[in-house]
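Novice: Here you go, protein_1.tsv (TSV, C-alpha atoms and all ligand atoms):
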```tsv
chain	number	residue	atom	x	y	z
S	12	MET	CA	-108.75	-108.10	72.18
S	13	ALA	CA	-105.05	-107.58	72.99
S	14	THR	CA	-102.94	-105.16	70.98
S	15	ALA	CA	-101.28	-107.10	68.13
S	16	LEU	CA	-97.51	-107.25	68.63
S	17	TYR	CA	-95.08	-106.93	65.70
S	18	GLY	CA	-91.42	-106.00	65.62
S	19	LEU	CA	-88.06	-105.85	63.91
S	20	LEU	CA	-85.05	-107.93	64.96
S	21	GLY	CA	-81.65	-106.64	63.86
S	22	TRP	CA	-78.17	-105.84	65.15
S	23	PRO	CA	-78.23	-102.86	65.22
S	24	VAL	CA	-81.75	-101.50	64.57
S	25	GLY	CA	-81.36	-97.94	65.88
S	26	HIS	CA	-81.90	-96.00	62.66
S	27	SER	CA	-84.50	-98.22	61.03
S	28	VAL	CA	-87.39	-96.52	59.25
S	29	SER	CA	-89.58	-99.62	59.62
S	30	PRO	CA	-91.11	-98.84	63.05
S	31	PRO	CA	-92.58	-95.42	62.06
S	32	MET	CA	-93.56	-96.79	58.63
S	33	MET	CA	-95.40	-99.81	60.06
S	34	MET	CA	-97.03	-97.77	62.86
S	35	ALA	CA	-98.33	-95.41	60.17
S	36	ALA	CA	-99.74	-98.42	58.33
S	37	PHE	CA	-101.55	-99.67	61.45
S	38	ALA	CA	-102.95	-96.18	62.13
S	39	ALA	CA	-104.17	-95.74	58.52
S	40	ALA	CA	-105.80	-99.19	58.62
S	41	GLU	CA	-107.33	-98.41	62.06
S	42	MET	CA	-105.64	-101.49	63.49
S	43	ASP	CA	-104.75	-101.97	67.16
S	44	GLY	CA	-101.12	-102.94	66.60
S	45	VAL	CA	-97.67	-102.04	67.84
S	46	TYR	CA	-94.34	-102.50	65.98
S	47	LEU	CA	-91.19	-102.34	68.10
S	48	PRO	CA	-87.47	-102.46	67.22
S	49	PHE	CA	-85.40	-105.10	69.07
S	50	ALA	CA	-81.59	-105.08	68.95
S	51	VAL	CA	-80.71	-108.79	69.11
S	52	HIS	CA	-77.14	-110.14	69.14
S	53	PRO	CA	-76.60	-112.93	66.58
S	54	ASP	CA	-75.93	-115.41	69.43
S	55	ARG	CA	-79.43	-114.77	70.86
S	56	ILE	CA	-81.50	-114.67	67.68
S	57	ALA	CA	-83.13	-118.10	68.13
S	58	ASP	CA	-84.04	-117.24	71.76
S	59	ALA	CA	-85.49	-113.91	70.62
S	60	VAL	CA	-87.65	-115.50	67.91
S	61	ARG	CA	-88.98	-118.19	70.25
S	62	GLY	CA	-89.48	-115.60	73.03
S	63	LEU	CA	-91.60	-113.41	70.76
S	64	GLN	CA	-93.56	-116.47	69.69
S	65	ALA	CA	-94.20	-117.31	73.37
S	66	LEU	CA	-95.35	-113.74	74.00
S	67	GLY	CA	-97.99	-114.11	71.31
S	68	ALA	CA	-96.46	-111.80	68.70
S	69	VAL	CA	-98.23	-111.96	65.33
S	70	GLY	CA	-95.11	-111.47	63.22
S	71	VAL	CA	-91.69	-109.88	63.01
S	72	ASN	CA	-89.33	-108.56	60.40
S	73	VAL	CA	-85.69	-109.58	60.58
S	74	THR	CA	-82.85	-107.58	59.15
S	75	ILE	CA	-79.04	-107.57	58.98
S	76	PRO	CA	-77.35	-109.81	60.08
S	77	HIS	CA	-80.15	-112.34	60.74
S	78	LYS	CA	-81.84	-112.90	57.36
S	79	GLN	CA	-80.11	-116.18	56.51
S	80	SER	CA	-79.77	-117.64	60.03
S	81	VAL	CA	-83.48	-117.14	60.78
S	82	TYR	CA	-84.44	-119.05	57.63
S	83	ALA	CA	-83.31	-122.21	59.47
S	84	LEU	CA	-85.89	-121.55	62.24
S	85	THR	CA	-88.89	-121.56	59.92
S	86	THR	CA	-91.26	-124.51	59.66
S	87	ASP	CA	-92.52	-123.46	56.22
S	88	ALA	CA	-91.53	-120.79	53.76
S	89	THR	CA	-92.88	-118.98	50.70
S	90	ALA	CA	-91.43	-119.49	47.22
S	91	GLU	CA	-89.49	-116.21	47.56
S	92	ALA	CA	-87.90	-117.20	50.88
S	93	THR	CA	-87.18	-120.75	49.72
S	94	LEU	CA	-85.37	-119.63	46.57
S	95	ALA	CA	-83.50	-116.83	48.38
S	96	LYS	CA	-82.69	-119.11	51.37
S	97	ALA	CA	-83.24	-115.96	53.42
S	98	VAL	CA	-86.18	-114.37	55.22
S	99	ASN	CA	-86.96	-110.84	56.31
S	100	CYS	CA	-90.45	-111.61	57.59
S	101	LEU	CA	-91.84	-114.22	60.00
S	102	ALA	CA	-95.43	-115.05	60.93
S	103	PHE	CA	-96.20	-117.01	64.10
S	104	ARG	CA	-98.97	-119.53	63.43
S	105	SER	CA	-101.61	-120.61	65.96
S	106	ASP	CA	-100.45	-124.25	65.54
S	107	GLY	CA	-96.93	-123.31	66.72
S	108	GLY	CA	-95.42	-123.10	63.24
S	109	ILE	CA	-93.15	-120.26	62.13
S	110	SER	CA	-93.70	-119.24	58.50
S	111	GLY	CA	-90.96	-117.39	56.64
S	112	HIS	CA	-91.28	-114.94	53.78
S	113	ASN	CA	-88.90	-112.70	51.87
S	114	THR	CA	-90.68	-109.43	51.14
S	115	ASP	CA	-87.39	-107.79	50.02
S	116	VAL	CA	-87.85	-109.90	46.89
S	117	LEU	CA	-91.43	-108.61	46.40
S	118	GLY	CA	-90.38	-105.09	47.39
S	119	TRP	CA	-87.64	-104.94	44.78
S	120	TRP	CA	-89.89	-106.33	42.08
S	121	SER	CA	-92.75	-103.95	42.93
S	122	ALA	CA	-90.27	-101.05	42.74
S	123	VAL	CA	-88.90	-101.96	39.30
S	124	ALA	CA	-92.01	-103.53	37.72
S	125	PRO	CA	-93.33	-100.17	36.46
S	126	MET	CA	-90.00	-99.79	34.62
S	127	VAL	CA	-90.33	-103.11	32.79
S	128	GLY	CA	-92.93	-101.68	30.39
S	129	LYS	CA	-93.34	-103.36	27.05
S	130	VAL	CA	-89.64	-104.06	26.58
S	131	PRO	CA	-88.19	-105.97	29.54
S	132	PRO	CA	-84.41	-105.64	29.92
S	133	LYS	CA	-82.21	-108.30	28.35
S	134	GLN	CA	-79.13	-107.34	30.35
S	135	VAL	CA	-79.03	-106.29	34.01
S	136	THR	CA	-75.79	-105.39	35.78
S	137	LEU	CA	-75.81	-105.74	39.55
S	138	LEU	CA	-73.07	-104.17	41.66
S	139	GLY	CA	-72.49	-106.07	44.92
S	140	ALA	CA	-73.27	-109.67	45.87
S	141	GLY	CA	-74.48	-109.47	49.50
S	142	GLY	CA	-77.91	-109.75	51.14
S	143	ALA	CA	-79.75	-107.15	49.04
S	144	ALA	CA	-78.23	-108.61	45.85
S	145	ARG	CA	-79.67	-111.99	46.87
S	146	ALA	CA	-83.16	-110.44	46.91
S	147	VAL	CA	-82.61	-108.89	43.44
S	148	VAL	CA	-81.34	-112.17	41.96
S	149	THR	CA	-84.29	-114.08	43.45
S	150	ALA	CA	-86.81	-111.56	42.10
S	151	LEU	CA	-85.30	-111.75	38.61
S	152	ALA	CA	-85.24	-115.55	38.71
S	153	LEU	CA	-88.92	-115.70	39.73
S	154	ASN	CA	-90.31	-112.87	37.58
S	155	HIS	CA	-88.02	-112.37	34.64
S	156	PRO	CA	-85.85	-115.47	34.16
S	157	GLU	CA	-84.99	-114.61	30.55
S	158	THR	CA	-82.77	-111.75	31.80
S	159	ARG	CA	-79.00	-112.13	31.55
S	160	LEU	CA	-77.52	-110.95	34.81
S	161	LEU	CA	-73.98	-109.68	35.19
S	162	LEU	CA	-72.84	-109.75	38.81
S	163	VAL	CA	-69.98	-107.40	39.67
S	164	ALA	CA	-68.34	-107.75	43.08
S	165	ARG	CA	-65.03	-106.95	44.70
S	166	ASN	CA	-65.00	-110.45	46.14
S	167	PRO	CA	-65.16	-112.82	43.15
S	168	GLU	CA	-65.80	-115.86	45.35
S	169	GLN	CA	-68.94	-114.26	46.79
S	170	ALA	CA	-70.25	-113.43	43.30
S	171	LEU	CA	-69.42	-116.89	41.92
S	172	ALA	CA	-71.13	-118.59	44.87
S	173	LEU	CA	-74.32	-116.54	44.35
S	174	ALA	CA	-74.29	-117.20	40.59
S	175	LYS	CA	-73.80	-120.93	41.20
S	176	GLU	CA	-76.66	-121.06	43.68
S	177	PHE	CA	-79.04	-119.64	41.05
S	178	ALA	CA	-77.53	-121.50	38.09
S	179	ASP	CA	-80.77	-123.42	37.43
S	180	SER	CA	-83.03	-120.37	37.52
S	181	LEU	CA	-81.13	-117.43	36.00
S	182	HIS	CA	-78.35	-116.99	33.47
S	183	THR	CA	-75.70	-115.19	35.51
S	184	ASP	CA	-72.19	-114.11	34.52
S	185	VAL	CA	-69.62	-112.68	36.87
S	186	ALA	CA	-67.28	-109.74	36.30
S	187	SER	CA	-64.53	-108.33	38.46
S	188	TRP	CA	-64.77	-105.01	40.24
S	189	GLU	CA	-62.15	-103.59	37.84
S	190	GLU	CA	-64.50	-104.43	34.92
S	191	ARG	CA	-67.50	-102.60	36.42
S	192	HIS	CA	-67.54	-99.62	34.00
S	193	GLU	CA	-67.67	-101.91	30.98
S	194	ALA	CA	-70.33	-104.03	32.71
S	195	VAL	CA	-72.43	-100.93	33.42
S	196	ASN	CA	-72.06	-99.73	29.84
S	197	ARG	CA	-73.47	-103.02	28.47
S	198	ALA	CA	-76.59	-103.02	30.66
S	199	GLU	CA	-80.10	-101.70	30.14
S	200	TRP	CA	-80.61	-101.75	33.90
S	201	VAL	CA	-77.92	-101.03	36.50
S	202	VAL	CA	-78.57	-101.81	40.16
S	203	ASN	CA	-76.22	-100.74	42.95
S	204	SER	CA	-76.54	-103.08	45.92
S	205	THR	CA	-73.30	-102.01	47.57
S	206	PRO	CA	-73.37	-99.47	50.42
S	207	ILE	CA	-70.96	-97.18	48.52
S	208	GLY	CA	-72.36	-93.64	48.78
S	209	MET	CA	-74.56	-94.37	51.80
S	210	SER	CA	-74.72	-91.76	54.56
S	211	PRO	CA	-72.37	-90.63	56.07
S	212	ASN	CA	-70.02	-91.43	53.13
S	213	VAL	CA	-72.12	-89.39	50.72
S	214	SER	CA	-69.24	-88.34	48.44
S	215	ALA	CA	-68.41	-91.97	47.58
S	216	CYS	CA	-69.59	-93.49	44.30
S	217	PRO	CA	-69.24	-97.02	42.87
S	218	LEU	CA	-68.28	-95.53	39.49
S	219	ALA	CA	-65.10	-93.53	38.96
S	220	ASP	CA	-66.60	-91.64	36.00
S	221	ALA	CA	-69.96	-91.24	34.27
S	222	GLY	CA	-68.77	-92.08	30.75
S	223	CYS	CA	-70.16	-95.63	30.91
S	224	LEU	CA	-73.73	-94.43	31.59
S	225	HIS	CA	-76.03	-93.59	28.70
S	226	PRO	CA	-79.37	-91.80	28.22
S	227	GLY	CA	-82.46	-93.96	28.71
S	228	GLN	CA	-80.62	-96.50	30.87
S	229	PHE	CA	-82.41	-97.38	34.14
S	230	VAL	CA	-80.12	-96.85	37.14
S	231	GLN	CA	-81.34	-97.89	40.57
S	232	ASP	CA	-79.50	-97.39	43.85
S	233	LEU	CA	-80.84	-99.48	46.73
S	234	ILE	CA	-79.52	-96.83	49.13
S	235	TYR	CA	-82.29	-94.56	50.45
S	236	ARG	CA	-80.17	-92.33	52.70
S	237	PRO	CA	-79.17	-89.92	51.12
S	238	SER	CA	-81.34	-89.45	48.06
S	239	PRO	CA	-80.08	-88.91	45.49
S	240	THR	CA	-76.75	-90.62	46.03
S	241	ARG	CA	-73.79	-89.40	44.05
S	242	LEU	CA	-74.34	-92.30	41.65
S	243	LEU	CA	-77.95	-91.28	40.98
S	244	ALA	CA	-77.07	-87.59	40.60
S	245	MET	CA	-74.39	-88.56	38.06
S	246	ALA	CA	-76.80	-90.87	36.21
S	247	ALA	CA	-79.59	-88.26	36.09
S	248	GLU	CA	-77.14	-85.78	34.59
S	249	ARG	CA	-76.34	-88.33	31.85
S	250	GLY	CA	-80.05	-88.65	30.99
S	251	CYS	CA	-80.64	-91.99	32.74
S	252	ILE	CA	-83.93	-92.92	34.41
S	253	VAL	CA	-83.11	-93.12	38.11
S	254	GLN	CA	-84.69	-94.63	41.21
S	255	ASP	CA	-83.54	-94.56	44.84
S	256	GLY	CA	-84.08	-97.27	47.49
S	257	LEU	CA	-87.30	-95.84	48.94
S	258	PRO	CA	-89.76	-97.64	46.61
S	259	MET	CA	-88.14	-100.99	47.50
S	260	LEU	CA	-88.19	-100.15	51.21
S	261	VAL	CA	-91.88	-99.21	51.15
S	262	GLY	CA	-92.64	-102.17	48.85
S	263	GLN	CA	-91.17	-104.72	51.26
S	264	GLY	CA	-93.08	-103.15	54.17
S	265	ALA	CA	-96.33	-103.13	52.19
S	266	ALA	CA	-95.86	-106.79	51.25
S	267	ALA	CA	-95.22	-107.69	54.92
S	268	PHE	CA	-98.35	-105.79	56.02
S	269	HIS	CA	-100.44	-107.64	53.42
S	270	TRP	CA	-98.96	-111.04	54.32
S	271	TRP	CA	-99.60	-110.55	58.04
S	272	THR	CA	-103.07	-108.97	57.89
S	273	GLY	CA	-104.56	-110.09	54.56
S	274	MET	CA	-105.44	-106.42	53.92
S	275	ASP	CA	-104.20	-104.11	51.17
S	276	ALA	CA	-101.38	-101.99	52.58
S	277	PRO	CA	-101.98	-98.24	52.98
S	278	VAL	CA	-98.97	-97.52	50.77
S	279	ASP	CA	-99.34	-93.72	50.64
S	280	ALA	CA	-99.34	-93.42	54.43
S	281	MET	CA	-96.34	-95.77	54.67
S	282	GLN	CA	-94.41	-93.83	52.05
S	283	ARG	CA	-95.10	-90.49	53.79
S	284	ALA	CA	-93.99	-91.91	57.15
S	285	ALA	CA	-90.82	-93.46	55.70
S	286	TYR	CA	-89.94	-90.25	53.87
S	287	THR	CA	-90.49	-88.15	57.01
S	288	ALA	CA	-88.40	-90.55	59.14
S	289	LEU	CA	-85.58	-90.37	56.59
S	290	GLN	CA	-85.66	-86.55	56.63
S	291	LEU	CA	-85.48	-86.54	60.43
S	292	GLY	CA	-82.91	-89.34	60.70
X	301	LIG	P1	-74.19	-106.66	52.50
X	301	LIG	O1	-74.87	-107.96	52.67
X	301	LIG	O2	-73.11	-106.25	53.42
X	301	LIG	O3	-73.63	-106.62	50.97
X	301	LIG	C1	-72.96	-105.49	50.47
X	301	LIG	C2	-72.23	-105.87	49.19
X	301	LIG	O4	-71.51	-104.70	48.74
X	301	LIG	C3	-71.19	-106.97	49.37
X	301	LIG	O5	-71.05	-107.68	48.17
X	301	LIG	C4	-69.94	-106.16	49.68
X	301	LIG	O6	-68.73	-106.83	49.43
X	301	LIG	C5	-70.10	-105.03	48.70
X	301	LIG	N1	-69.30	-103.86	49.09
X	301	LIG	C6	-69.31	-103.23	50.29
X	301	LIG	N2	-68.43	-102.20	50.26
X	301	LIG	C7	-67.83	-102.22	49.03
X	301	LIG	C8	-66.84	-101.43	48.41
X	301	LIG	N3	-66.27	-100.38	49.03
X	301	LIG	N4	-66.46	-101.75	47.15
X	301	LIG	C9	-67.03	-102.79	46.48
X	301	LIG	N5	-67.99	-103.58	47.03
X	301	LIG	C10	-68.39	-103.29	48.28
X	301	LIG	O7	-75.26	-105.46	52.57
X	301	LIG	P2	-76.77	-105.50	52.00
X	301	LIG	O8	-77.70	-105.92	53.04
X	301	LIG	O9	-76.75	-106.21	50.71
X	301	LIG	O10	-77.05	-103.93	51.77
X	301	LIG	C11	-76.39	-103.25	50.74
X	301	LIG	C12	-77.04	-101.88	50.52
X	301	LIG	O11	-78.40	-102.04	50.11
X	301	LIG	C13	-77.06	-100.99	51.75
X	301	LIG	O12	-76.81	-99.67	51.35
X	301	LIG	C14	-78.48	-101.12	52.25
X	301	LIG	O13	-78.92	-99.97	52.95
X	301	LIG	C15	-79.24	-101.26	50.94
X	301	LIG	N6	-80.51	-101.98	51.10
X	301	LIG	C16	-81.65	-101.34	50.74
X	301	LIG	C17	-82.85	-101.98	50.85
X	301	LIG	C18	-84.10	-101.24	50.43
X	301	LIG	O14	-85.21	-101.65	50.82
X	301	LIG	N7	-83.97	-100.18	49.65
X	301	LIG	C19	-82.94	-103.28	51.34
X	301	LIG	C20	-81.75	-103.94	51.69
X	301	LIG	C21	-80.54	-103.26	51.58
X	301	LIG	P3	-67.92	-107.51	50.66
X	301	LIG	O15	-68.73	-108.70	51.08
X	301	LIG	O16	-66.61	-107.83	50.03
X	301	LIG	O17	-67.84	-106.47	51.74
```
Just give me the structure of the file as structure tokens.
Ligand code: NAP

Specialist:
Amino acid sequence: MATALYGLLGWPVGHSVSPPMMMAAFAAAEMDGVYLPFAVHPDRIADAVRGLQALGAVGVNVTIPHKQSVYALTTDATAEATLAKAVNCLAFRSDGGISGHNTDVLGWWSAVAPMVGKVPPKQVTLLGAGGAARAVVTALALNHPETRLLLVARNPEQALALAKEFADSLHTDVASWEERHEAVNRAEWVVNSTPIGMSPNVSACPLADAGCLHPGQFVQDLIYRPSPTRLLAMAAERGCIVQDGLPMLVGQGAAAFHWWTGMDAPVDAMQRAAYTALQLG
């Protein structure tokens, strides 16, 4: 039997942790598979998807900036992808169909689910309203629709558009970037989905001071390079429960592995490989 072909389409894809993480998964599962990164210009994304389908690839991940444009190429989609109107995972079917899934949604939920405990949060504040925020909003709408979400973005039109899109499935308010400290103070959970503080700009922080954070609050930064970010270091010092972006990253990869193969993902091996790749990268 031929080696099963998988890959990642992005622009750029140079520093992605997904190839070593997925190769580790295949090795741990004793699967004959290969997972390759492909840098694909946005103008060529449809050609690249159809080309991989013609080559007999089993599935691919798609990342920035293709997640929304590739949704239009799917012939069917999971509930997560349909609600998000974005995909990060495609499966090529033997009947010629292209199925779309959004495992960022599952990855985020699997990362935070252990934090839900017996008392789910009533108020979540989300900083940023881009692609990762879309996954967070979708996961809340599907898994915890009684949450009140406060979206804080520097571009109010972007935040209002996202809130409007989910108006039927999640109660979402919008606050301005200037109001972010007050918004953070009100929340039980705070999620940073902006790239502020991401390597190489490690001294940057979405908050100007730590006074709005309080002990016991859950603060998650979707950034995984560096860890901790300045935000998480500040939050830990204030007695918050903190989480970096690695559990979400591994969670989305594990969900993709399961969707493609039907097997339980070897999560420990994937986490070790992702962690090692981040240390090296
Ligand atoms: P994106 O689509 O570009 O969205 C970024 C959001 O942050 C936008 O709302 C953007 O506003 C806002 N933003 C950017 N710079 C800002 C600044 N200086 N001040 C205020 N707002 C700012 O990017 P994304 O795909 O959502 O990714 C965001 C972060 O999440 C990245 O660090 C990425 O690595 C991380 N991420 C992690 C995972 C994981 O598995 N852990 C998965 C996906 C993403 P504008 O539109 O106005 O620029």

Novice: Grab me every residue within 8 Å of ligand LIG 301 (chain X), counting all atoms listed in the file, and send it over as a ChimeraX atom specification.

Specialist: /S:75,115,118-119,138-145,164-166,169-170,188,203-209,217,232-236,255-263

Novice: Rounded to one decimal in Å, what is the spacing between atom CA of S:Cys251 and atom CA of S:Phe229?

Specialist: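 For atom CA of S:Cys251 relative to atom CA of S:Phe229, the distance reads 5.8 Å.
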
Novice: Mind pulling up the distance from atom CA of S:Arg159 to atom CA of S:His182?

Specialist: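 So the answer is 5.3 Å.
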
Novice: May I ask which of the residues S:Leu161, S:Ala92, S:Val148, S:Val24 is the closest one to S:Glu193, counting only C-alpha atoms?

Specialist: S:Leu161

Novice: Kindly give the distance, in Å, that separates atom CA of S:Ile109 and atom CA of S:Pro48, rounded to a single decimal.

Specialist: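 For atom CA of S:Ile109 relative to atom CA of S:Pro48, the distance reads 19.4 Å.
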